[in-house]
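Everything below belongs to structure.csv, which stores CSV, C-alpha atoms.
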```
chain,number,residue,atom,x,y,z
J,714,MET,CA,-8.1,-9.9,-47.2
J,715,ASN,CA,-7.2,-6.5,-45.9
J,716,LEU,CA,-6.5,-5.7,-42.2
J,717,SER,CA,-9.9,-4.2,-41.5
J,718,SER,CA,-11.8,-7.2,-42.8
J,719,PHE,CA,-9.4,-9.4,-40.9
J,720,PHE,CA,-10.2,-7.5,-37.6
J,721,GLN,CA,-14.0,-7.9,-38.4
J,722,TRP,CA,-13.5,-11.6,-38.9
J,723,LEU,CA,-11.5,-11.8,-35.7
J,724,GLU,CA,-14.2,-10.0,-33.7
J,725,GLY,CA,-16.7,-12.6,-34.8
J,726,THR,CA,-14.6,-15.6,-33.7
J,727,ALA,CA,-15.9,-17.6,-30.7
J,728,GLY,CA,-13.0,-16.6,-28.4
J,729,SER,CA,-13.4,-12.9,-29.0
J,730,VAL,CA,-17.1,-13.1,-28.3
J,731,ALA,CA,-16.5,-15.2,-25.2
J,732,ILE,CA,-14.1,-12.6,-23.6
J,733,ARG,CA,-16.3,-9.7,-24.7
J,734,GLU,CA,-19.5,-11.1,-23.3
J,735,SER,CA,-18.1,-12.7,-20.1
J,736,THR,CA,-18.8,-10.8,-16.9
J,737,LEU,CA,-15.7,-12.2,-15.3
J,738,LEU,CA,-13.1,-12.9,-18.1
J,739,TYR,CA,-12.7,-9.3,-19.4
J,740,PRO,CA,-12.3,-7.7,-15.9
J,741,VAL,CA,-9.9,-10.5,-14.9
J,742,ILE,CA,-7.7,-10.1,-18.0
J,743,GLU,CA,-7.8,-6.3,-17.7
J,744,THR,CA,-6.8,-6.4,-14.0
J,745,THR,CA,-4.0,-8.8,-14.8
J,746,HIS,CA,-2.8,-6.3,-17.5
J,747,VAL,CA,-3.0,-3.3,-15.1
J,748,LEU,CA,-1.5,-5.0,-12.0
J,749,THR,CA,1.5,-6.4,-14.0
J,750,LEU,CA,2.5,-2.8,-14.5
J,751,CYS,CA,4.0,-3.0,-11.0
J,752,LEU,CA,6.3,-5.9,-12.1
J,753,PHE,CA,7.0,-4.7,-15.6
J,754,LEU,CA,7.1,-0.9,-15.5
J,755,GLY,CA,8.2,-0.9,-11.8
J,756,MET,CA,11.4,-2.9,-12.7
J,757,ILE,CA,12.0,-1.0,-15.9
J,758,ALA,CA,11.6,2.3,-14.0
J,759,MET,CA,14.2,1.2,-11.4
J,760,LEU,CA,16.7,0.4,-14.1
J,761,ASP,CA,16.0,3.7,-15.9
J,762,LEU,CA,16.3,5.7,-12.7
J,763,ARG,CA,19.7,4.0,-12.1
J,764,LEU,CA,20.7,4.9,-15.7
J,765,VAL,CA,19.6,8.5,-15.2
J,766,GLY,CA,21.6,8.6,-12.0
J,767,VAL,CA,19.0,9.2,-9.4
J,768,GLY,CA,17.9,5.7,-8.2
J,769,LEU,CA,19.8,2.7,-6.8
J,770,ARG,CA,23.1,4.7,-6.8
J,771,GLY,CA,25.9,2.5,-5.4
J,772,VAL,CA,24.5,-0.6,-7.1
J,773,PRO,CA,26.5,-1.4,-10.4
J,774,VAL,CA,24.4,-0.9,-13.5
J,775,SER,CA,25.2,-4.3,-14.8
J,776,GLN,CA,23.8,-5.8,-11.6
J,777,VAL,CA,20.6,-3.8,-11.8
J,778,ALA,CA,20.1,-4.8,-15.4
J,779,GLY,CA,21.2,-8.4,-14.9
J,780,ARG,CA,19.1,-9.0,-11.7
J,781,LEU,CA,16.0,-7.0,-12.5
J,782,LEU,CA,15.5,-7.2,-16.2
J,783,PRO,CA,14.5,-10.9,-16.1
J,784,TRP,CA,11.6,-9.9,-13.8
J,785,ALA,CA,10.7,-7.0,-16.2
J,786,LEU,CA,10.8,-9.5,-19.1
J,787,ALA,CA,8.5,-11.9,-17.3
J,788,GLY,CA,6.2,-8.9,-16.6
J,789,PHE,CA,6.4,-7.9,-20.3
J,790,ALA,CA,5.3,-11.5,-21.3
J,791,ILE,CA,2.3,-11.3,-19.0
J,792,MET,CA,1.4,-7.8,-20.3
J,793,ALA,CA,1.8,-8.9,-23.9
J,794,VAL,CA,-0.4,-12.0,-23.5
J,795,SER,CA,-3.1,-10.1,-21.5
J,796,GLY,CA,-2.8,-7.2,-23.9
J,797,VAL,CA,-3.3,-9.4,-27.0
J,798,LEU,CA,-6.3,-11.0,-25.3
J,799,LEU,CA,-7.8,-7.6,-24.6
J,800,PHE,CA,-7.2,-6.5,-28.2
J,801,TYR,CA,-8.7,-9.8,-29.4
J,802,SER,CA,-11.9,-9.1,-27.4
J,803,GLY,CA,-12.6,-6.0,-29.5
J,804,PRO,CA,-10.2,-5.7,-32.4
J,805,VAL,CA,-12.4,-3.4,-34.6
J,806,ARG,CA,-12.7,-0.7,-32.0
J,807,ALA,CA,-9.2,-1.1,-30.7
J,808,SER,CA,-7.5,-0.9,-34.1
J,809,GLY,CA,-9.4,2.2,-35.0
J,810,ASN,CA,-8.6,3.9,-31.7
J,811,ILE,CA,-6.0,6.7,-32.0
J,812,PHE,CA,-4.5,6.0,-28.6
J,813,PHE,CA,-4.1,2.3,-29.4
J,814,GLN,CA,-2.3,3.2,-32.7
J,815,ILE,CA,0.0,5.7,-30.9
J,816,LYS,CA,0.6,3.1,-28.1
J,817,MET,CA,1.8,0.5,-30.6
J,818,ILE,CA,4.2,3.0,-32.3
J,819,LEU,CA,5.5,4.0,-28.8
J,820,ILE,CA,6.2,0.4,-27.8
J,821,ALA,CA,8.2,-0.1,-31.0
J,822,LEU,CA,10.2,3.1,-30.1
J,823,THR,CA,10.9,1.7,-26.7
J,824,GLY,CA,12.4,-1.3,-28.4
J,825,VAL,CA,14.5,0.9,-30.7
J,826,ASN,CA,15.7,2.9,-27.7
J,827,ALA,CA,16.6,-0.3,-25.8
J,828,LEU,CA,18.5,-1.8,-28.8
J,829,ILE,CA,20.5,1.4,-29.4
J,830,PHE,CA,21.4,1.4,-25.7
J,831,HIS,CA,22.3,-2.3,-25.8
J,832,TRP,CA,24.5,-2.0,-28.9
J,833,THR,CA,26.3,1.2,-28.0
J,834,ILE,CA,27.0,2.5,-24.6
J,835,GLU,CA,26.1,-0.7,-22.7
J,836,ARG,CA,28.9,-2.5,-24.6
J,837,ARG,CA,31.3,-0.4,-22.6
J,838,VAL,CA,29.4,-0.7,-19.3
J,839,ALA,CA,32.5,-2.1,-17.5
J,840,ASP,CA,34.0,1.5,-17.9
J,841,TRP,CA,31.1,3.2,-16.0
J,842,ASP,CA,29.4,0.4,-14.2
J,843,SER,CA,29.8,1.9,-10.7
J,844,ASP,CA,29.6,5.6,-11.6
J,845,PRO,CA,26.8,7.1,-9.5
J,846,VAL,CA,25.9,9.2,-12.6
J,847,PRO,CA,26.4,7.2,-15.8
J,848,PRO,CA,27.6,8.8,-19.1
J,849,PHE,CA,25.3,11.0,-21.1
J,850,ARG,CA,24.3,8.3,-23.6
J,851,ALA,CA,23.2,6.0,-20.8
J,852,ARG,CA,21.3,8.8,-19.1
J,853,LEU,CA,19.6,9.7,-22.3
J,854,ALA,CA,18.5,6.0,-22.9
J,855,GLY,CA,17.1,5.8,-19.3
J,856,PHE,CA,15.3,9.1,-19.7
J,857,CYS,CA,13.8,8.2,-23.1
J,858,SER,CA,12.7,4.8,-21.7
J,859,LEU,CA,11.0,6.5,-18.8
J,860,VAL,CA,9.2,9.0,-21.0
J,861,LEU,CA,8.2,6.5,-23.7
J,862,TRP,CA,6.9,3.9,-21.2
J,863,SER,CA,5.0,6.5,-19.3
J,864,ALA,CA,3.4,7.6,-22.6
J,865,VAL,CA,2.6,4.0,-23.4
J,866,LEU,CA,0.8,3.7,-20.1
J,867,ILE,CA,-1.1,6.9,-20.6
J,868,CYS,CA,-2.2,5.9,-24.1
J,869,GLY,CA,-3.3,2.5,-22.8
J,870,ARG,CA,-5.5,4.2,-20.1
J,871,MET,CA,-6.8,6.8,-22.5
J,872,GLN,CA,-7.8,4.0,-25.0
J,873,ALA,CA,-10.7,3.2,-22.7
J,874,TYR,CA,-12.2,6.7,-23.3
J,875,ASN,CA,-14.1,6.8,-26.5
J,876,TRP,CA,-13.4,10.5,-27.2
J,877,PHE,CA,-12.1,9.8,-30.7
J,878,ASP,CA,-13.9,6.7,-31.6
J,879,LYS,CA,-15.1,6.3,-35.2
J,880,GLY,CA,-18.8,7.1,-35.6
J,881,LYS,CA,-18.9,9.1,-32.4
J,882,VAL,CA,-20.3,12.6,-32.8
C,408,MET,CA,-22.9,5.5,12.1
C,409,ASN,CA,-24.2,6.5,8.7
C,410,LEU,CA,-21.4,7.8,6.6
C,411,LEU,CA,-23.5,8.6,3.5
C,412,PRO,CA,-24.2,12.3,4.3
C,413,LEU,CA,-20.4,12.7,4.8
C,414,PHE,CA,-19.7,11.1,1.4
C,415,GLN,CA,-22.4,13.3,-0.2
C,416,TRP,CA,-20.7,16.3,1.3
C,417,PHE,CA,-17.3,15.1,-0.1
C,418,GLU,CA,-18.9,14.8,-3.5
C,419,ALA,CA,-20.3,18.4,-3.3
C,420,THR,CA,-16.9,19.9,-2.4
C,421,ALA,CA,-15.5,22.4,-4.9
C,422,LEU,CA,-12.6,20.1,-5.7
C,423,GLY,CA,-14.9,17.1,-6.3
C,424,THR,CA,-17.2,19.2,-8.5
C,425,VAL,CA,-14.3,20.6,-10.6
C,426,VAL,CA,-12.9,17.1,-11.3
C,427,ARG,CA,-16.4,15.6,-12.0
C,428,GLN,CA,-17.4,18.4,-14.4
C,429,SER,CA,-14.2,18.4,-16.4
C,430,LEU,CA,-14.0,16.0,-19.3
C,431,TRP,CA,-10.2,15.5,-19.1
C,432,MET,CA,-9.3,15.9,-15.4
C,433,PHE,CA,-10.4,12.5,-14.2
C,434,PRO,CA,-8.5,10.6,-17.0
C,435,VAL,CA,-5.4,12.7,-16.5
C,436,ILE,CA,-5.5,12.1,-12.7
C,437,GLU,CA,-6.1,8.4,-13.4
C,438,CYS,CA,-3.0,8.2,-15.5
C,439,ILE,CA,-0.8,9.8,-12.8
C,440,HIS,CA,-2.4,7.4,-10.3
C,441,LEU,CA,-1.3,4.5,-12.5
C,442,LEU,CA,2.2,5.9,-13.1
C,443,ALA,CA,2.5,6.2,-9.3
C,444,LEU,CA,1.2,2.6,-8.9
C,445,SER,CA,4.0,1.4,-11.2
C,446,MET,CA,6.6,3.2,-9.2
C,447,LEU,CA,5.1,2.0,-5.9
C,448,GLY,CA,5.1,-1.5,-7.3
C,449,GLY,CA,8.7,-1.3,-8.3
C,450,ALA,CA,9.9,0.2,-5.0
C,451,VAL,CA,8.0,-2.5,-3.1
C,452,LEU,CA,9.1,-5.4,-5.3
C,453,VAL,CA,12.8,-4.6,-5.5
C,454,VAL,CA,12.9,-5.0,-1.7
C,455,ASP,CA,10.5,-7.8,-1.3
C,456,LEU,CA,12.2,-9.9,-4.0
C,457,ARG,CA,15.5,-9.4,-2.1
C,458,LEU,CA,13.8,-10.5,1.1
C,459,LEU,CA,12.9,-13.7,-0.8
C,460,GLY,CA,16.5,-14.1,-1.9
C,461,LEU,CA,15.7,-13.0,-5.5
C,462,GLY,CA,16.6,-9.9,-7.6
C,463,LEU,CA,19.4,-7.7,-6.3
C,464,ARG,CA,21.0,-10.4,-4.1
C,465,ALA,CA,24.5,-8.8,-3.9
C,466,GLN,CA,23.0,-5.9,-1.9
C,467,SER,CA,21.7,-6.3,1.7
C,468,ALA,CA,18.0,-6.0,2.2
C,469,ALA,CA,18.7,-3.1,4.6
C,470,GLU,CA,20.6,-1.2,1.9
C,471,LEU,CA,17.9,-1.8,-0.7
C,472,GLY,CA,15.2,-0.8,1.9
C,473,ARG,CA,17.0,2.5,2.5
C,474,LYS,CA,17.5,3.2,-1.2
C,475,MET,CA,13.8,2.4,-2.0
C,476,GLN,CA,12.3,4.3,0.9
C,477,PRO,CA,12.0,7.7,-0.7
C,478,TRP,CA,10.6,6.2,-3.9
C,479,LEU,CA,8.1,4.2,-1.9
C,480,ALA,CA,7.0,7.2,0.1
C,481,GLY,CA,7.0,9.5,-2.9
C,482,ALA,CA,4.9,7.1,-5.0
C,483,LEU,CA,2.5,6.5,-2.1
C,484,ALA,CA,2.1,10.3,-1.6
C,485,VAL,CA,1.3,10.8,-5.3
C,486,SER,CA,-1.1,7.8,-5.3
C,487,ILE,CA,-3.0,9.1,-2.3
C,488,THR,CA,-3.2,12.6,-3.6
C,489,THR,CA,-4.5,11.6,-7.0
C,490,GLY,CA,-6.7,8.9,-5.3
C,491,ILE,CA,-8.3,11.6,-3.0
C,492,LEU,CA,-9.1,13.8,-6.1
C,493,MET,CA,-10.8,10.9,-7.9
C,494,PHE,CA,-12.6,9.9,-4.7
C,495,LEU,CA,-14.0,13.4,-4.2
C,496,SER,CA,-15.3,13.4,-7.8
C,497,GLU,CA,-17.4,10.2,-7.2
C,498,SER,CA,-17.6,9.7,-3.4
C,499,VAL,CA,-21.2,8.4,-3.4
C,500,LYS,CA,-20.4,5.8,-6.0
C,501,CYS,CA,-17.4,4.8,-3.8
C,502,TYR,CA,-19.7,4.6,-0.8
C,503,TYR,CA,-21.8,1.9,-2.5
C,504,SER,CA,-18.8,0.1,-3.9
C,505,PRO,CA,-17.5,-2.9,-1.9
C,506,PRO,CA,-14.1,-2.9,-3.6
C,507,PHE,CA,-13.6,0.7,-2.4
C,508,TRP,CA,-14.0,-0.3,1.2
C,509,TYR,CA,-11.7,-3.3,0.8
C,510,LYS,CA,-9.2,-1.1,-0.8
C,511,MET,CA,-9.2,1.5,2.0
C,512,GLY,CA,-8.9,-1.2,4.6
C,513,LEU,CA,-6.0,-2.9,2.8
C,514,LEU,CA,-4.3,0.4,2.1
C,515,ILE,CA,-4.2,1.2,5.8
C,516,LEU,CA,-2.9,-2.3,6.6
C,517,ALA,CA,-0.3,-2.2,3.8
C,518,SER,CA,1.0,1.3,4.7
C,519,LEU,CA,1.1,0.4,8.4
C,520,PHE,CA,3.0,-2.8,7.6
C,521,ALA,CA,5.4,-1.0,5.3
C,522,PHE,CA,6.3,1.7,7.8
C,523,THR,CA,6.4,-0.4,10.9
C,524,VAL,CA,7.0,-4.2,10.8
C,525,ARG,CA,8.7,-4.3,7.4
C,526,ARG,CA,10.9,-1.4,8.2
C,527,LYS,CA,12.0,-3.1,11.4
C,528,VAL,CA,12.6,-6.4,9.7
C,529,LEU,CA,14.7,-4.6,7.1
C,530,ALA,CA,16.9,-3.0,9.7
C,531,GLY,CA,17.3,-6.3,11.6
C,532,ALA,CA,19.5,-9.3,10.9
C,533,ASN,CA,18.8,-11.8,8.1
C,534,GLN,CA,16.5,-14.6,9.2
C,535,PRO,CA,15.1,-16.4,6.2
C,536,LEU,CA,11.7,-17.2,7.7
C,537,LYS,CA,11.2,-13.7,9.0
C,538,TYR,CA,12.4,-12.2,5.7
C,539,GLY,CA,10.1,-14.5,3.7
C,540,LEU,CA,7.0,-13.9,5.7
C,541,THR,CA,7.5,-10.2,5.6
C,542,ALA,CA,7.9,-10.2,1.8
C,543,VAL,CA,4.9,-12.4,1.2
C,544,THR,CA,2.7,-10.3,3.6
C,545,SER,CA,3.9,-7.1,1.9
C,546,ILE,CA,3.3,-8.3,-1.6
C,547,ALA,CA,-0.1,-9.8,-0.7
C,548,LEU,CA,-1.3,-6.5,1.0
C,549,TRP,CA,-0.2,-4.2,-1.9
C,550,PHE,CA,-1.6,-6.7,-4.4
C,551,GLY,CA,-4.9,-6.5,-2.6
C,552,VAL,CA,-4.9,-2.7,-2.6
C,553,ALA,CA,-4.2,-2.6,-6.4
C,554,PHE,CA,-6.6,-5.4,-7.2
C,555,SER,CA,-9.5,-3.9,-5.2
C,556,GLY,CA,-8.7,-0.5,-6.7
C,557,ARG,CA,-9.1,-1.8,-10.2
C,558,TRP,CA,-12.4,-3.4,-9.2
C,559,ILE,CA,-14.0,-0.2,-8.1
C,560,ALA,CA,-14.6,0.4,-11.8
C,561,PHE,CA,-16.5,-2.9,-12.0
C,562,TYR,CA,-18.6,-2.8,-8.8
```
Could you render the structure as structure tokens?
Amino acid sequence: MNLSSFFQWLEGTAGSVAIRESTLLYPVIETTHVLTLCLFLGMIAMLDLRLVGVGLRGVPVSQVAGRLLPWALAGFAIMAVSGVLLFYSGPVRASGNIFFQIKMILIALTGVNALIFHWTIERRVADWDSDPVPPFRARLAGFCSLVLWSAVLICGRMQAYNWFDKGKV
Amino acid sequence: MNLLPLFQWFEATALGTVVRQSLWMFPVIECIHLLALSMLGGAVLVVDLRLLGLGLRAQSAAELGRKMQPWLAGALAVSITTGILMFLSESVKCYYSPPFWYKMGLLILASLFAFTVRRKVLAGANQPLKYGLTAVTSIALWFGVAFSGRWIAFY
């Protein structure tokens, strides 16, 4: 079974149909997805701005990361679950949507960026924890995260527009 | 007072017409509106979590409030600017949309609360009950603004 026939099968399952055809379910899941941006992206942005050296100056980076990231991760979990449900409600269209495809790649890149930060410059965070402006590698990680997550949000929003949908003239 | 003629006038303004007739302007403005929402949410939550004794607990609520104030005000300014542009492009639809009116009411309440009561509480001494009530009110009001905003698309 290839991916495209899998998505077609998925689209025909009872759960997918139920979300798609419900007048309340889809808007509620979508609203949850969008509003959780405040928790997820809001917290990520505050950490990134600290890393770039423009926000929360005076608060040690390890504290910003340690105290805010759990909230961001909780937000990410909600975004992931609601996002999967939104995808599940229309997998054929979503999987063929260029913005969705770019969005998935961008999310993977945010993970790579976070891991590189975690494995390199963050290991020596004790040396620069309280610097108002962190070292270049940390600023770069914060900047990349801001740009990548903003692009993820933009792709997510653009996905709703059917400009490049298959079969559309 | 019938506001419909006023809203029809809004929709006929040059700015509203430009946004409405463009294929890409509304989506782009919408994206900026959502980016500002994320920033606004972050700036509000960092402080409100602290008021609830969560998040950045090693800093005082007063300090966090001061540090977040420019981000809150900036995000709010961008939200309102982009919001006005979107509103002008579809004012009559908004006129007939109940969520739009809820959103405007809640936005006024949330902004007033943020820049009066909450600001005063943040500057004052730590009283757990006062802190908690302020945080819950603030989160509830901003949540209401964002929630009803999203529902303008549905009703």
Contacts between chain C and chain J, please, where a residue of chain J counts if it comes within 10 Å (with only C-alpha atoms); show its shortest atom pair and distance in Å to one decimal, rows by chain and ascending number, as a tab-separated table.
```
residue	atom	partner	partner_atom	distance
J:Thr736	CA	C:Phe561	CA	9.6
J:Leu737	CA	C:Phe561	CA	9.9
J:Pro740	CA	C:Phe561	CA	7.5
J:Val741	CA	C:Trp558	CA	9.4
J:Glu743	CA	C:Arg557	CA	8.8
J:Thr744	CA	C:Arg557	CA	6.4
J:Thr745	CA	C:Phe554	CA	8.7
J:Val747	CA	C:Arg557	CA	8.0
J:Leu748	CA	C:Ala553	CA	6.7
J:Thr749	CA	C:Ser445	CA	8.7
J:Leu750	CA	C:Ser445	CA	5.5
J:Cys751	CA	C:Gly448	CA	4.1
J:Leu752	CA	C:Gly449	CA	6.4
J:Phe753	CA	C:Ser445	CA	8.1
J:Leu754	CA	C:Ser445	CA	5.8
J:Gly755	CA	C:Gly449	CA	3.6
J:Met756	CA	C:Gly449	CA	5.4
J:Ile757	CA	C:Gly449	CA	8.3
J:Ala758	CA	C:Met446	CA	7.0
J:Met759	CA	C:Gly449	CA	6.8
J:Gly768	CA	C:Lys474	CA	7.4
J:Leu769	CA	C:Lys474	CA	6.1
J:Arg770	CA	C:Lys474	CA	8.1
J:Gly771	CA	C:Lys474	CA	9.4
J:Val772	CA	C:Gln466	CA	7.6
J:Gln776	CA	C:Leu463	CA	7.1
J:Val777	CA	C:Leu463	CA	6.8
J:Ala778	CA	C:Leu463	CA	9.6
J:Gly779	CA	C:Gly462	CA	8.8
J:Arg780	CA	C:Gly462	CA	4.9
J:Leu781	CA	C:Gly462	CA	5.7
J:Leu782	CA	C:Gly462	CA	9.1
J:Pro783	CA	C:Gly462	CA	8.8
J:Trp784	CA	C:Gly462	CA	8.0
J:Ala785	CA	C:Gly449	CA	9.9
J:Trp862	CA	C:Leu442	CA	9.6
J:Ser863	CA	C:Leu442	CA	6.8
J:Ala864	CA	C:Cys438	CA	9.6
J:Leu866	CA	C:Leu442	CA	7.5
J:Ile867	CA	C:Cys438	CA	5.6
J:Cys868	CA	C:Cys438	CA	8.9
J:Gly869	CA	C:Cys438	CA	9.3
J:Arg870	CA	C:Cys438	CA	6.6
J:Met871	CA	C:Pro434	CA	6.9
J:Ala873	CA	C:Pro434	CA	9.6
J:Tyr874	CA	C:Pro434	CA	8.3
J:Trp876	CA	C:Leu430	CA	9.6
```
Worksheet item: Near range 534-545 of chain C, within 12 Å and counting all atoms listed in the file, which residues show up once chain neighbours fewer than 4 positions away are dropped, as JSON, numbers by chain?
Response: {"C": [448, 450, 451, 452, 453, 454, 455, 456, 457, 458, 459, 460, 461, 467, 468, 469, 472, 513, 514, 516, 517, 518, 519, 520, 521, 522, 523, 524, 525, 526, 527, 528, 529, 530, 549, 550, 551, 552]}
Fill in: For Lys500 in chain C, the nearest of the candidates C:Met408, C:Ala484, C:Phe414, C:Gly531, counting all atoms listed in the file
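For Lys500 in chain C, the nearest of the candidates is C:Phe414.
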Fill in: Exercise: Phe830 in chain J partners within 12 Å, all atoms listed in the file, chain neighbours under 2 positions left out, as a PyMOL selection string
chain J and resi 761+764+823-828+832-838+848-858
Item to complete: Quick one: pull the distance between CA of Ser498 in chain C and CA of Glu418 in chain C, Å, one decimal.
Response: 5.3 Å
Name the residues in contact with Thr726 in chain J at a cut-off of 12 Å, using only C-alpha atoms, excluding same-chain residues fewer than 5 positions from it; report them as a PDB file with C-alpha atoms, in the frame of the given file.
```pdb
ATOM      1  CA  PHE J 719      -9.400  -9.400 -40.900  1.00  0.00           C
ATOM      2  CA  PHE J 720     -10.200  -7.500 -37.600  1.00  0.00           C
ATOM      3  CA  GLN J 721     -14.000  -7.900 -38.400  1.00  0.00           C
ATOM      4  CA  ALA J 731     -16.500 -15.200 -25.200  1.00  0.00           C
ATOM      5  CA  ILE J 732     -14.100 -12.600 -23.600  1.00  0.00           C
ATOM      6  CA  ARG J 733     -16.300  -9.700 -24.700  1.00  0.00           C
ATOM      7  CA  TYR J 801      -8.700  -9.800 -29.400  1.00  0.00           C
ATOM      8  CA  SER J 802     -11.900  -9.100 -27.400  1.00  0.00           C
ATOM      9  CA  GLY J 803     -12.600  -6.000 -29.500  1.00  0.00           C
ATOM     10  CA  PRO J 804     -10.200  -5.700 -32.400  1.00  0.00           C
TER      11      PRO J 804
END
```
Which polymer residues have any atom within 7 Å of an atom of Ile559 in chain C, counting all atoms listed in the file, with same-chain residues fewer than 5 positions away left out, as a PDB file with C-alpha atoms, in the frame of the given file?
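New file part-v9.pdb:
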```pdb
ATOM      1  CA  SER C 504     -18.800   0.100  -3.900  1.00  0.00           C
ATOM      2  CA  PRO C 506     -14.100  -2.900  -3.600  1.00  0.00           C
ATOM      3  CA  PHE C 507     -13.600   0.700  -2.400  1.00  0.00           C
TER       4      PHE C 507
END
```
Worksheet item: In Å to one decimal, how far is CA of Leu859 in chain J from CA of Gly796 in chain J?
Response: 20.1 Å
Could you put an axis-aligned box around every listed atom of range 714-731 of chain J, padded by 5 Å on each side, and send me its centre and edge lengths in Å to one decimal, as AutoDock Vina command-line options?
```
--center_x -11.8 --center_y -10.9 --center_z -36.2 --size_x 20.6 --size_y 23.4 --size_z 32.0
```
Within 6 Å of (4.9, 1.8, -24.4), all atoms listed in the file: residues as a PDB file with C-alpha atoms, in the frame of the given file?
```
ATOM      1  CA  LYS J 816       0.600   3.100 -28.100  1.00  0.00           C
ATOM      2  CA  LEU J 819       5.500   4.000 -28.800  1.00  0.00           C
ATOM      3  CA  ILE J 820       6.200   0.400 -27.800  1.00  0.00           C
ATOM      4  CA  LEU J 861       8.200   6.500 -23.700  1.00  0.00           C
ATOM      5  CA  TRP J 862       6.900   3.900 -21.200  1.00  0.00           C
ATOM      6  CA  VAL J 865       2.600   4.000 -23.400  1.00  0.00           C
TER       7      VAL J 865
END
```
Discussion item. Quick one: residues within 7 Å of Gln872 in chain J, only C-alpha atoms, excluding same-chain residues fewer than 5 positions away - as a VMD selection string?
Written reply: chain J and resid 810 812 to 813
Discussion item. Please compute the CA of Pro845 in chain J-CA of Leu762 in chain J distance, one decimal, in Å.
Written reply: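 The value is 11.1 Å.
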